[in-house]
file data23.txt (compact mmCIF, C-alpha atoms)
# COMPACT_ATOMS: atom_id res chain seq x y z
CA MET A 1 3.32 -1.10 18.96
CA SER A 2 6.90 -1.16 18.51
CA ALA A 3 9.95 -3.03 17.82
CA HIS A 4 9.31 -5.03 20.96
CA THR A 5 5.98 -6.42 19.81
CA ILE A 6 7.39 -9.63 18.39
CA PRO A 7 10.54 -10.77 20.21
CA SER A 8 13.28 -12.22 18.04
CA PRO A 9 13.47 -16.01 18.06
CA ILE A 10 16.80 -17.80 17.63
CA GLU A 11 17.53 -18.46 13.94
CA VAL A 12 17.97 -22.17 13.15
CA PRO A 13 18.57 -23.24 9.53
CA LEU A 14 15.49 -25.12 8.30
CA SER A 15 14.57 -26.95 5.10
CA PRO A 16 12.08 -25.14 2.81
CA ALA A 17 9.32 -27.63 3.72
CA ARG A 18 9.85 -27.08 7.45
CA ARG A 19 9.98 -23.33 6.97
CA LEU A 20 6.64 -23.48 5.15
CA LEU A 21 5.22 -25.67 7.91
CA ARG A 22 6.30 -23.12 10.54
CA LEU A 23 4.26 -20.46 8.76
CA LEU A 24 0.98 -22.39 8.81
CA PRO A 25 -0.20 -21.73 12.41
CA GLY A 26 0.32 -17.97 12.13
CA MET A 27 -1.27 -17.84 8.67
CA ALA A 28 -4.24 -19.79 10.01
CA LEU A 29 -4.49 -17.25 12.85
CA LEU A 30 -4.42 -14.31 10.39
CA PHE A 31 -7.13 -15.83 8.17
CA GLY A 32 -9.09 -17.05 11.21
CA ILE A 33 -9.27 -13.54 12.69
CA GLY A 34 -10.15 -12.05 9.30
CA VAL A 35 -12.94 -14.56 8.65
CA LEU A 36 -14.24 -14.15 12.22
CA GLY A 37 -14.38 -10.39 11.57
CA LYS A 38 -16.43 -11.04 8.44
CA LEU A 39 -18.75 -13.42 10.31
CA LEU A 40 -19.28 -10.86 13.11
CA GLU A 41 -20.16 -8.17 10.57
CA HIS A 42 -22.61 -10.56 8.89
CA ALA A 43 -24.12 -11.63 12.22
CA ILE A 44 -24.74 -8.01 13.25
CA THR A 45 -26.36 -7.23 9.88
CA LEU A 46 -28.67 -10.25 10.28
CA SER A 47 -29.42 -9.42 13.91
CA ASN A 48 -30.26 -5.79 13.07
CA ALA A 49 -32.60 -6.91 10.27
CA ARG A 50 -34.34 -9.41 12.54
CA TYR A 51 -34.46 -7.35 15.73
CA PRO A 52 -34.47 -3.69 14.62
CA GLN A 53 -35.54 -2.66 18.16
CA PHE A 54 -32.13 -3.87 19.45
CA ALA A 55 -30.04 -2.42 16.64
CA ILE A 56 -26.27 -2.65 17.18
CA PRO A 57 -24.00 -0.15 15.36
CA HIS A 58 -22.74 -1.64 12.10
CA ILE A 59 -19.02 -2.40 12.31
CA GLU A 60 -17.12 -3.30 9.13
CA TYR A 61 -15.05 -6.51 8.99
CA VAL A 62 -11.92 -4.36 8.57
CA LEU A 63 -12.40 -2.83 12.03
CA TRP A 64 -13.36 -6.21 13.54
CA ALA A 65 -10.16 -7.78 12.19
CA ILE A 66 -8.03 -5.01 13.71
CA VAL A 67 -9.87 -4.97 17.03
CA LEU A 68 -9.70 -8.77 17.40
CA GLY A 69 -5.97 -8.66 16.58
CA LEU A 70 -5.44 -5.83 19.07
CA ILE A 71 -7.29 -7.74 21.81
CA ILE A 72 -5.13 -10.84 21.27
CA SER A 73 -1.78 -9.01 21.10
CA ASN A 74 -2.58 -6.84 24.12
CA THR A 75 -4.00 -9.55 26.39
CA VAL A 76 -2.64 -13.05 25.87
CA GLY A 77 0.01 -11.93 23.34
CA VAL A 78 1.07 -13.69 20.14
CA ALA A 79 2.47 -17.12 21.05
CA ALA A 80 5.83 -18.10 19.57
CA ILE A 81 4.27 -20.78 17.35
CA PHE A 82 2.21 -18.13 15.51
CA ARG A 83 4.91 -15.48 15.03
CA PRO A 84 6.56 -16.67 11.78
CA GLY A 85 3.15 -16.98 10.09
CA VAL A 86 1.87 -13.66 11.44
CA ALA A 87 4.91 -12.01 9.80
CA THR A 88 3.50 -13.09 6.39
CA TYR A 89 0.94 -10.28 6.65
CA GLU A 90 3.34 -8.22 4.52
CA LEU A 91 3.02 -10.75 1.68
CA TRP A 92 -0.81 -10.70 1.84
CA LEU A 93 -0.77 -6.91 1.86
CA LYS A 94 1.40 -6.75 -1.27
CA LEU A 95 -0.60 -9.50 -2.99
CA GLY A 96 -3.79 -7.50 -2.28
CA ILE A 97 -2.22 -4.39 -3.82
CA VAL A 98 -1.08 -6.32 -6.94
CA LEU A 99 -4.57 -7.80 -7.45
CA VAL A 100 -6.43 -4.52 -6.85
CA GLY A 101 -4.63 -3.22 -9.99
CA GLY A 102 -7.51 -4.80 -11.94
CA LYS A 103 -9.82 -2.12 -10.55
CA PHE A 104 -7.80 0.69 -12.15
CA LEU A 105 -7.68 1.52 -15.82
CA MET A 106 -4.34 2.93 -16.92
CA GLN A 107 -5.91 6.32 -17.67
CA ASP A 108 -6.97 6.52 -13.98
CA VAL A 109 -3.51 5.44 -12.87
CA LEU A 110 -1.84 8.03 -15.10
CA HIS A 111 -4.22 10.87 -14.20
CA ILE A 112 -4.78 10.29 -10.48
CA GLY A 113 -1.37 8.64 -10.04
CA GLY A 114 0.16 11.69 -11.71
CA LEU A 115 -1.82 13.98 -9.41
CA SER A 116 -0.67 11.85 -6.46
CA LEU A 117 2.94 12.23 -7.56
CA ALA A 118 2.56 16.01 -7.69
CA LEU A 119 0.92 16.07 -4.24
CA VAL A 120 3.55 13.65 -2.90
CA ALA A 121 6.33 15.94 -4.14
CA VAL A 122 4.84 18.88 -2.19
CA GLU A 123 4.20 16.67 0.85
CA LEU A 124 7.77 15.32 0.73
CA ILE A 125 9.44 18.73 0.76
CA LEU A 126 7.19 20.06 3.54
CA SER A 127 7.31 17.00 5.78
CA ILE A 128 11.10 16.58 5.55
CA SER A 129 11.57 20.29 6.30
CA VAL A 130 9.18 20.27 9.26
CA MET A 131 10.54 17.04 10.78
CA THR A 132 14.10 18.35 10.46
CA LEU A 133 13.11 21.64 12.11
CA LEU A 134 11.24 19.87 14.94
CA GLY A 135 14.18 17.49 15.44
CA HIS A 136 16.46 20.52 15.92
CA ILE A 137 14.03 22.24 18.30
CA PHE A 138 13.60 19.11 20.45
CA LYS A 139 17.34 18.29 20.24
CA LEU A 140 16.87 14.76 18.86
CA PRO A 141 19.98 12.89 17.62
CA PRO A 142 20.51 14.01 13.96
CA LYS A 143 20.21 10.49 12.51
CA LEU A 144 17.00 9.84 14.47
CA THR A 145 15.66 13.08 12.99
CA SER A 146 16.64 11.81 9.52
CA LEU A 147 14.86 8.49 10.15
CA LEU A 148 11.71 10.25 11.37
CA ALA A 149 11.78 12.52 8.32
CA ILE A 150 12.24 9.55 5.95
CA GLY A 151 9.55 7.48 7.71
CA SER A 152 6.99 10.27 7.81
CA SER A 153 7.58 11.56 4.30
CA ILE A 154 7.56 8.25 2.43
CA CYS A 155 6.28 4.95 3.68
CA GLY A 156 6.96 4.34 7.30
CA VAL A 157 8.75 1.22 8.41
CA THR A 158 9.87 0.10 4.94
CA ALA A 159 11.55 3.46 4.31
CA ILE A 160 13.21 3.45 7.73
CA MET A 161 14.53 -0.07 7.17
CA ALA A 162 15.73 0.91 3.70
CA ALA A 163 17.57 3.87 5.23
CA GLN A 164 19.09 1.80 8.04
CA GLY A 165 21.76 0.23 5.83
CA ALA A 166 22.39 3.46 3.96
CA ILE A 167 22.91 5.98 6.78
CA GLU A 168 23.95 3.57 9.57
CA PRO A 169 22.05 5.03 12.53
CA GLU A 170 22.21 3.72 16.09
CA GLU A 171 20.06 0.60 16.48
CA GLU A 172 18.09 2.38 19.22
CA ASP A 173 17.29 5.26 16.84
CA THR A 174 15.83 2.81 14.31
CA SER A 175 13.64 1.15 16.94
CA THR A 176 12.47 4.52 18.28
CA ALA A 177 11.66 5.86 14.80
CA ILE A 178 9.74 2.68 13.89
CA ALA A 179 7.84 2.78 17.19
CA ALA A 180 6.89 6.44 16.67
CA ILE A 181 5.71 5.81 13.08
CA LEU A 182 3.67 2.73 14.06
CA THR A 183 2.16 4.54 17.06
CA LEU A 184 1.10 7.44 14.87
CA GLY A 185 -0.28 5.01 12.28
CA ALA A 186 -2.41 3.35 14.94
CA ILE A 187 -3.74 6.74 16.06
CA ALA A 188 -4.63 7.55 12.42
CA LEU A 189 -6.72 4.36 12.18
CA PHE A 190 -9.19 5.80 14.64
CA THR A 191 -8.96 9.55 13.97
CA PHE A 192 -8.89 9.79 10.15
CA PRO A 193 -12.26 8.08 9.46
CA ALA A 194 -13.90 10.29 12.12
CA ILE A 195 -12.42 13.44 10.53
CA GLY A 196 -13.44 12.24 7.06
CA HIS A 197 -17.06 11.74 8.16
CA MET A 198 -17.06 15.05 10.00
CA LEU A 199 -15.93 16.87 6.84
CA HIS A 200 -18.26 14.77 4.60
CA MET A 201 -15.31 13.87 2.40
CA SER A 202 -15.90 11.94 -0.83
CA GLN A 203 -14.59 8.38 -1.08
CA GLN A 204 -11.96 9.44 -3.60
CA GLY A 205 -10.85 12.53 -1.68
CA TYR A 206 -10.62 10.68 1.63
CA GLY A 207 -8.79 7.75 0.00
CA MET A 208 -6.22 10.12 -1.49
CA TRP A 209 -5.78 11.86 1.85
CA ALA A 210 -5.24 8.58 3.75
CA GLY A 211 -2.70 7.48 1.12
CA LEU A 212 -0.79 10.75 1.34
CA ALA A 213 -0.87 11.33 5.10
CA VAL A 214 -0.64 7.93 6.83
CA ASP A 215 2.92 6.67 6.72
CA ASN A 216 3.07 2.92 7.01
CA THR A 217 1.54 1.08 4.03
CA ALA A 218 -0.53 -1.37 6.10
CA GLU A 219 -1.98 1.29 8.40
CA SER A 220 -2.57 3.60 5.44
CA LEU A 221 -4.58 0.98 3.55
CA VAL A 222 -6.60 0.06 6.63
CA THR A 223 -7.30 3.75 7.34
CA GLY A 224 -8.61 4.08 3.78
CA ALA A 225 -10.63 0.84 3.87
CA LEU A 226 -12.28 1.84 7.16
CA TYR A 227 -13.97 4.72 5.31
CA GLY A 228 -15.25 2.55 2.49
CA GLU A 229 -14.16 0.06 -0.15
CA GLU A 230 -13.80 2.72 -2.86
CA ALA A 231 -11.79 4.95 -0.53
CA GLY A 232 -9.51 1.96 0.17
CA ARG A 233 -8.79 1.57 -3.55
CA TRP A 234 -7.84 5.24 -3.94
CA THR A 235 -5.62 4.93 -0.89
CA VAL A 236 -3.75 2.12 -2.64
CA LEU A 237 -3.14 4.35 -5.66
CA ALA A 238 -1.96 7.36 -3.64
CA LYS A 239 0.18 5.22 -1.33
CA THR A 240 1.91 3.33 -4.15
CA ALA A 241 2.68 6.67 -5.88
CA ARG A 242 4.21 7.86 -2.60
CA SER A 243 6.15 4.62 -2.05
CA SER A 244 7.75 4.91 -5.48
CA PHE A 245 9.78 7.88 -4.12
CA ILE A 246 11.47 5.76 -1.46
CA GLY A 247 14.74 5.26 -3.37
CA PHE A 248 15.20 8.96 -4.13
CA VAL A 249 14.70 10.13 -0.54
CA VAL A 250 16.87 7.40 0.99
CA LEU A 251 19.56 8.09 -1.64
CA ALA A 252 19.51 11.81 -0.83
CA TYR A 253 19.99 11.09 2.89
CA ALA A 254 22.67 8.46 2.15
CA VAL A 255 24.63 10.98 0.03
CA TYR A 256 24.20 13.67 2.74
CA TRP A 257 25.49 11.48 5.59
CA SER A 258 28.23 10.01 3.40
CA SER A 259 29.41 13.55 2.48
CA ARG A 260 29.82 14.19 6.22
CA GLY A 261 31.84 10.98 6.57
CA LEU A 262 29.21 9.36 8.80
CA ALA A 263 27.85 6.75 6.35
CA PRO A 264 29.27 4.55 3.55
CA ASP A 265 29.66 5.98 0.04
CA VAL A 266 27.03 5.15 -2.63
CA PRO A 267 29.06 4.21 -5.74
CA HIS A 268 26.24 2.98 -8.06
CA LYS A 269 23.32 5.35 -7.58
CA GLY A 270 21.13 3.81 -10.32
CA LEU A 271 21.50 0.35 -8.79
CA PHE A 272 20.81 1.83 -5.34
CA LEU A 273 17.52 3.31 -6.63
CA TRP A 274 16.48 0.01 -8.22
CA ASN A 275 17.32 -1.97 -5.06
CA LYS A 276 15.20 0.35 -2.92
CA PHE A 277 12.29 0.51 -5.37
CA PRO A 278 9.23 -1.39 -4.06
CA LYS A 279 8.88 -4.03 -6.83
CA PHE A 280 5.32 -5.05 -6.00
CA ILE A 281 4.19 -1.77 -7.62
CA LEU A 282 5.23 -3.33 -10.96
CA GLY A 283 2.76 -6.17 -10.34
CA PHE A 284 -0.01 -3.65 -9.60
CA LEU A 285 0.80 -1.83 -12.88
CA ALA A 286 0.97 -5.11 -14.87
CA ILE A 287 -2.53 -6.16 -13.76
CA SER A 288 -3.80 -2.63 -14.44
CA VAL A 289 -2.33 -2.72 -18.00
CA LEU A 290 -3.97 -6.12 -18.65
CA ALA A 291 -7.33 -4.83 -17.36
CA THR A 292 -7.07 -1.71 -19.53
CA ALA A 293 -6.25 -3.83 -22.60
CA GLY A 294 -9.54 -5.73 -22.11
CA TYR A 295 -7.75 -8.96 -21.20
CA PHE A 296 -10.36 -9.79 -18.54
CA THR A 297 -14.15 -9.93 -18.75
CA HIS A 298 -16.28 -7.95 -16.30
CA GLY A 299 -16.92 -11.08 -14.22
CA GLN A 300 -13.23 -11.95 -14.16
CA LEU A 301 -12.37 -8.43 -12.96
CA ASN A 302 -14.90 -8.89 -10.15
CA SER A 303 -13.22 -12.16 -9.20
CA LEU A 304 -9.81 -10.42 -9.16
CA SER A 305 -11.21 -7.66 -6.98
CA ASN A 306 -12.72 -10.20 -4.57
CA LEU A 307 -9.41 -12.08 -4.44
CA SER A 308 -7.69 -8.84 -3.46
CA ARG A 309 -10.19 -8.41 -0.63
CA TRP A 310 -9.43 -11.96 0.56
CA ALA A 311 -5.72 -11.07 0.49
CA PHE A 312 -6.27 -7.87 2.49
CA LEU A 313 -8.26 -9.74 5.16
CA PRO A 314 -5.23 -11.43 6.85
CA ALA A 315 -3.15 -8.26 6.29
CA PHE A 316 -5.67 -6.23 8.33
CA ALA A 317 -5.63 -8.87 11.07
CA GLY A 318 -1.81 -8.64 11.06
CA VAL A 319 -1.95 -4.88 11.71
CA GLY A 320 -3.90 -5.53 14.92
CA LEU A 321 -1.76 -8.50 15.97
CA ARG A 322 1.55 -6.65 15.78
CA THR A 323 0.29 -3.58 17.65
CA ASN A 324 1.15 -3.52 21.33
CA LEU A 325 -0.38 -0.53 23.08
CA ARG A 326 1.81 -0.98 26.18
CA ASP A 327 4.85 0.03 24.14
CA LEU A 328 3.27 3.42 23.47
CA VAL A 329 4.72 4.80 26.67
CA GLY A 330 8.06 3.02 26.56
CA GLN A 331 9.81 4.91 23.75
CA GLY A 332 10.54 8.30 25.30
CA TRP A 333 8.36 11.36 24.85
CA ARG A 334 10.55 13.55 22.62
CA PRO A 335 10.55 11.43 19.42
CA LEU A 336 6.83 10.86 19.91
CA ILE A 337 6.13 14.60 20.37
CA VAL A 338 8.19 15.39 17.25
CA GLY A 339 6.33 12.65 15.38
CA ILE A 340 2.91 13.81 16.57
CA LEU A 341 3.55 17.48 15.76
CA GLY A 342 5.04 16.60 12.38
CA GLU A 343 2.21 14.21 11.52
CA ILE A 344 -0.48 16.72 12.49
CA PHE A 345 1.21 19.22 10.18
CA ILE A 346 1.46 16.67 7.33
CA ALA A 347 -2.19 15.59 7.83
CA LEU A 348 -3.37 19.21 7.66
CA VAL A 349 -1.21 20.07 4.64
CA THR A 350 -2.26 16.96 2.68
CA LEU A 351 -5.90 17.58 3.62
CA ALA A 352 -5.59 21.12 2.27
CA LEU A 353 -3.84 19.83 -0.89
CA VAL A 354 -6.57 17.25 -1.54
CA TYR A 355 -9.31 19.83 -0.90
CA TRP A 356 -7.62 22.32 -3.22
CA SER A 357 -7.16 19.79 -6.03
CA TYR A 358 -10.82 18.69 -5.82
CA ASN A 359 -12.27 22.18 -5.58
CA HIS A 360 -10.26 23.20 -8.63
CA GLY A 361 -11.31 20.15 -10.64
CA VAL A 362 -7.77 18.77 -10.84
CA ALA A 363 -8.70 15.37 -9.46
CA ARG A 364 -11.61 14.61 -11.77
CA MET B 365 14.89 -11.49 8.76
CA ASP B 366 14.41 -8.82 11.39
CA HIS B 367 11.78 -10.50 13.52
CA LEU B 368 11.54 -7.42 15.68
CA ASN B 369 9.86 -5.47 12.96
CA HIS B 370 8.60 -8.11 10.55
CA THR B 371 10.96 -6.71 8.02
CA ARG B 372 13.81 -8.16 6.03
CA PRO B 373 17.04 -6.83 4.59
CA ALA B 374 16.90 -5.59 0.99
CA ALA B 375 17.32 -9.00 -0.65
CA GLY B 376 14.58 -10.54 1.50
CA ARG B 377 12.18 -7.69 0.74
CA ILE B 378 12.68 -8.19 -2.99
CA ASN B 379 11.68 -11.81 -2.52
CA VAL B 380 8.43 -10.90 -0.78
CA ASP B 381 7.65 -8.44 -3.58
CA LEU B 382 8.46 -10.99 -6.28
CA ILE B 383 6.43 -13.69 -4.54
CA ALA B 384 3.47 -11.28 -4.35
CA ILE B 385 3.82 -10.46 -8.07
CA GLY B 386 4.22 -14.17 -8.96
CA ILE B 387 1.15 -15.26 -6.98
CA GLY B 388 -0.87 -12.28 -8.26
CA LEU B 389 -0.11 -12.91 -11.94
CA THR B 390 -0.66 -16.65 -11.56
CA LEU B 391 -4.07 -16.08 -9.95
CA ALA B 392 -4.93 -13.56 -12.69
CA ALA B 393 -4.00 -16.13 -15.38
CA LEU B 394 -6.05 -18.86 -13.66
CA ILE B 395 -9.05 -16.52 -13.58
CA ARG B 396 -8.50 -15.40 -17.19
CA PHE B 397 -8.51 -18.99 -18.48
CA ASN B 398 -11.49 -19.93 -16.29
CA ILE B 399 -9.45 -22.49 -14.33
CA LEU B 400 -10.49 -20.77 -11.10
CA PRO B 401 -14.23 -20.44 -10.68
CA SER B 402 -15.94 -17.10 -10.01
CA ILE B 403 -14.77 -15.82 -6.61
CA SER B 404 -17.10 -14.05 -4.22
CA PHE B 405 -16.37 -12.22 -1.01

call {"tool": "encode", "arguments": {"input": "data23.txt", "output": "C-alpha cells"}}
result
Amino acid sequence: MSAHTIPSPIEVPLSPARRLLRLLPGMALLFGIGVLGKLLEHAITLSNARYPQFAIPHIEYVLWAIVLGLIISNTVGVAAIFRPGVATYELWLKLGIVLVGGKFLMQDVLHIGGLSLALVAVELILSISVMTLLGHIFKLPPKLTSLLAIGSSICGVTAIMAAQGAIEPEEEDTSTAIAAILTLGAIALFTFPAIGHMLHMSQQGYGMWAGLAVDNTAESLVTGALYGEEAGRWTVLAKTARSSFIGFVVLAYAVYWSSRGLAPDVPHKGLFLWNKFPKFILGFLAISVLATAGYFTHGQLNSLSNLSRWAFLPAFAGVGLRTNLRDLVGQGWRPLIVGILGEIFIALVTLALVYWSYNHGVAR
Amino acid sequence: MDHLNHTRPAAGRINVDLIAIGIGLTLAALIRFNILPSISF
C-alpha cells in the first residue's frame, strides 16, 4: 500500500483516442469488480432467504469490492495493461461526490458543513501540533514531519502531493509519508466500522467522524459507506469541508519553509490558494444548489443519487486494487509509529468532538 | 502523471476535477430533461 503499488511505466506521447483506448481495460476491471461485489451481495441475500439454516453473514457490496481488489493486487498483482484505467478511480470518486450533492439541501450543507468546518479547525490545530511533536520525539527528518502533519490533518495523498511542489521535500520523504497515510487509511477501513457499531453510533455521527478522522478521501468515503449509505453521505460532507482547507495549510507550510530558505518563495498567495483548492467541491455545491432550488423532481433526485452510487462502485474497487499489504513492512517503522500514534490521537479527539457536538444538540 | 501514486501535478489534478464537474453537470441536465431514463442501483 504504497508508492510501489503501481510501478511507473515509460511515458510515450499518445493521441487522445489511443490514450482513451488505454484506459478501457482498467476501467472495465474497476467496474467488473464493483459489479461482481454487487452480485455477490445479492447472491448471499437470496441464498439466506432460501436457505435460512445455512445463513452466511451479510457483506455489503462496498466491502466485497475492496476485498476483491485487495485479493487481486496482493496475489496476481495489477497487470500493466490495466494500470492506466485503474488510475481513473480518482475521477469516479470525484464524480460520485459531485453527484451526491443532490442529496444535500443547502441548509444542511451550511449547518452541518459549518459545524464540520469548526470541528476541522480544532482537528487541524491539534493534529498538526501532535504530529510535529511526535516527529521531534522520534527524530524524523523535519520535512517528513511536515508532510505527515499535512497528510494527517487535511486529506492524505492529495495534500502531500500539493505540498511536494511547495516545500520541496526529499522524494523518499514523500513516498514514506504517502505510504504511512495509505497504510493508516487501510487500517481505518476495518477498525472504524467495528468501533462505530461497538459505540452504537448514529449514521450521521459516524459519518462525520469518518470524514474528520480518516485522511485520504477514498479511504474516508469507503470507511463511511461501510457503516451505511447515510453515513457515507455525511462522510462526504465532512470530508469535503476538511479538504477545502488544503490550500491554507499547504500555504502556511510553504511560507514557513521558504522563510527558512529551504523552499521557493510564494509570490501570489491568492493564486496559490486557488490552485490548491479542490475544484470538484464546486460541482458538489452546484448540484446541491440546484436540488435546493427545486430544479429536480423527487424521482430525478433518486436517479442522481443512484448515479453517484454507480460512480462510487469503481472508486471502491480502485481502493482495494492499489493497496499492497506487502509494502506495509517496507517503509521503516518510525514514520509508521509516528503516523499510528498521531492517527489514534486524531481519531480519539474527533470522536470526542463529534460526541460533544451531538450531545449538546449542535449537530441537529 | 505520477503513476507511482495515481496522482498528477497541479494542472493535471485540475483537469480531473473539471472533468468530474463536467460529467456530473451533464448527467444532471440529462436527468432533468428526461433524456436519461430513471436510474436504479

call {"tool": "interface_residues", "arguments": {"input": "data23.txt", "of": "chain A", "to": "chain B", "cutoff": "9 Å", "atoms": "all atoms listed in the file", "output": "PyMOL selection string"}}
result
chain A and resi 2-9+83-84+86-99+157-158+161-162+165+175+178+275-276+278-284+286-287+295-297+299-307+309-310+322

call {"tool": "residues_around", "arguments": {"input": "data23.txt", "residues": "Leu144 in chain A", "least_positions_apart": "4", "cutoff": "8 Å", "atoms": "all atoms listed in the file", "output": "list in words"}}
result
Leu140, Leu148, Pro169, Asp173, Thr174, Thr176 and Ala177 of chain A

call {"tool": "closest_residue", "arguments": {"input": "data23.txt", "among": "A:Ala241, A:Leu147, A:Ala28, A:Leu290", "to": "Tyr253 in chain A", "atoms": "all atoms listed in the file"}}
result
A:Leu147

call {"tool": "residues_around", "arguments": {"input": "data23.txt", "residues": "Gln204 in chain A", "least_positions_apart": "3", "cutoff": "6 Å", "atoms": "all atoms listed in the file", "output": "short mmCIF file (atom, residue, chain, number, x, y, z; two decimals) with C-alpha atoms, in the frame of the given file"}}
result
data_model
loop_
_atom_site.label_atom_id
_atom_site.label_comp_id
_atom_site.auth_asym_id
_atom_site.auth_seq_id
_atom_site.Cartn_x
_atom_site.Cartn_y
_atom_site.Cartn_z
CA GLY A 207 -8.79 7.75 0.00
CA ALA A 231 -11.79 4.95 -0.53
CA TRP A 234 -7.84 5.24 -3.94
#

call {"tool": "atom_distance", "arguments": {"input": "data23.txt", "atom1": "CA of Leu348 in chain A", "atom2": "CA of Val120 in chain A"}}
result
13.8 Å

call {"tool": "atom_distance", "arguments": {"input": "data23.txt", "atom1": "CA of Thr183 in chain A", "atom2": "CA of Thr350 in chain A"}}
result
19.5 Å

call {"tool": "atom_distance", "arguments": {"input": "data23.txt", "atom1": "CA of Val289 in chain A", "atom2": "CA of Leu110 in chain A"}}
result
11.1 Å

call {"tool": "residues_around", "arguments": {"input": "data23.txt", "residues": "Ser153 in chain A", "least_positions_apart": "6", "cutoff": "7 Å", "atoms": "only C-alpha atoms", "output": "mmCIF file with C-alpha atoms, in the coordinates of the input"}}
result
data_model
loop_
_atom_site.group_PDB
_atom_site.id
_atom_site.type_symbol
_atom_site.label_atom_id
_atom_site.label_comp_id
_atom_site.auth_asym_id
_atom_site.auth_seq_id
_atom_site.Cartn_x
_atom_site.Cartn_y
_atom_site.Cartn_z
ATOM 1 C CA LEU A 124 7.770 15.320 0.730
ATOM 2 C CA SER A 127 7.310 17.000 5.780
ATOM 3 C CA ILE A 128 11.100 16.580 5.550
#

call {"tool": "residues_around", "arguments": {"input": "data23.txt", "residues": "Phe54 in chain A", "least_positions_apart": "6", "cutoff": "12 Å", "atoms": "only C-alpha atoms", "output": "PDB file with C-alpha atoms, in the coordinates of the input"}}
result
ATOM      1  CA  ILE A  44     -24.740  -8.010  13.250  1.00  0.00           C
ATOM      2  CA  THR A  45     -26.360  -7.230   9.880  1.00  0.00           C
ATOM      3  CA  LEU A  46     -28.670 -10.250  10.280  1.00  0.00           C
ATOM      4  CA  SER A  47     -29.420  -9.420  13.910  1.00  0.00           C
ATOM      5  CA  ASN A  48     -30.260  -5.790  13.070  1.00  0.00           C
TER       6      ASN A  48
END

call {"tool": "build_atoms", "arguments": {"input": "data23.txt", "residues": "range 388-400 of chain B", "atoms": "N, CA and C atoms", "output": "mmCIF file, in the frame of the given file"}}
result
data_model
loop_
_atom_site.group_PDB
_atom_site.id
_atom_site.type_symbol
_atom_site.label_atom_id
_atom_site.label_comp_id
_atom_site.auth_asym_id
_atom_site.auth_seq_id
_atom_site.Cartn_x
_atom_site.Cartn_y
_atom_site.Cartn_z
ATOM 1 N N GLY B 388 0.178 -13.138 -7.669
ATOM 2 C CA GLY B 388 -0.870 -12.280 -8.260
ATOM 3 C C GLY B 388 -1.078 -12.574 -9.733
ATOM 4 N N LEU B 389 0.009 -12.657 -10.493
ATOM 5 C CA LEU B 389 -0.110 -12.910 -11.940
ATOM 6 C C LEU B 389 -0.612 -14.328 -12.212
ATOM 7 N N THR B 390 -0.182 -15.272 -11.381
ATOM 8 C CA THR B 390 -0.660 -16.650 -11.560
ATOM 9 C C THR B 390 -2.174 -16.718 -11.328
ATOM 10 N N LEU B 391 -2.632 -16.087 -10.245
ATOM 11 C CA LEU B 391 -4.070 -16.080 -9.950
ATOM 12 C C LEU B 391 -4.843 -15.392 -11.087
ATOM 13 N N ALA B 392 -4.262 -14.285 -11.597
ATOM 14 C CA ALA B 392 -4.930 -13.560 -12.690
ATOM 15 C C ALA B 392 -5.041 -14.460 -13.926
ATOM 16 N N ALA B 393 -3.968 -15.225 -14.216
ATOM 17 C CA ALA B 393 -4.000 -16.130 -15.380
ATOM 18 C C ALA B 393 -5.031 -17.243 -15.168
ATOM 19 N N LEU B 394 -5.082 -17.780 -13.954
ATOM 20 C CA LEU B 394 -6.050 -18.860 -13.660
ATOM 21 C C LEU B 394 -7.484 -18.354 -13.825
ATOM 22 N N ILE B 395 -7.712 -17.110 -13.424
ATOM 23 C CA ILE B 395 -9.050 -16.520 -13.580
ATOM 24 C C ILE B 395 -9.330 -16.270 -15.063
ATOM 25 N N ARG B 396 -8.327 -15.743 -15.765
ATOM 26 C CA ARG B 396 -8.500 -15.400 -17.190
ATOM 27 C C ARG B 396 -8.867 -16.642 -18.010
ATOM 28 N N PHE B 397 -8.249 -17.779 -17.698
ATOM 29 C CA PHE B 397 -8.510 -18.990 -18.480
ATOM 30 C C PHE B 397 -9.575 -19.882 -17.821
ATOM 31 N N ASN B 398 -10.348 -19.267 -16.935
ATOM 32 C CA ASN B 398 -11.490 -19.930 -16.290
ATOM 33 C C ASN B 398 -11.113 -21.228 -15.565
ATOM 34 N N ILE B 399 -9.866 -21.315 -15.117
ATOM 35 C CA ILE B 399 -9.450 -22.490 -14.330
ATOM 36 C C ILE B 399 -9.948 -22.318 -12.896
ATOM 37 N N LEU B 400 -9.886 -21.075 -12.411
ATOM 38 C CA LEU B 400 -10.490 -20.770 -11.100
ATOM 39 C C LEU B 400 -11.940 -20.357 -11.323
#
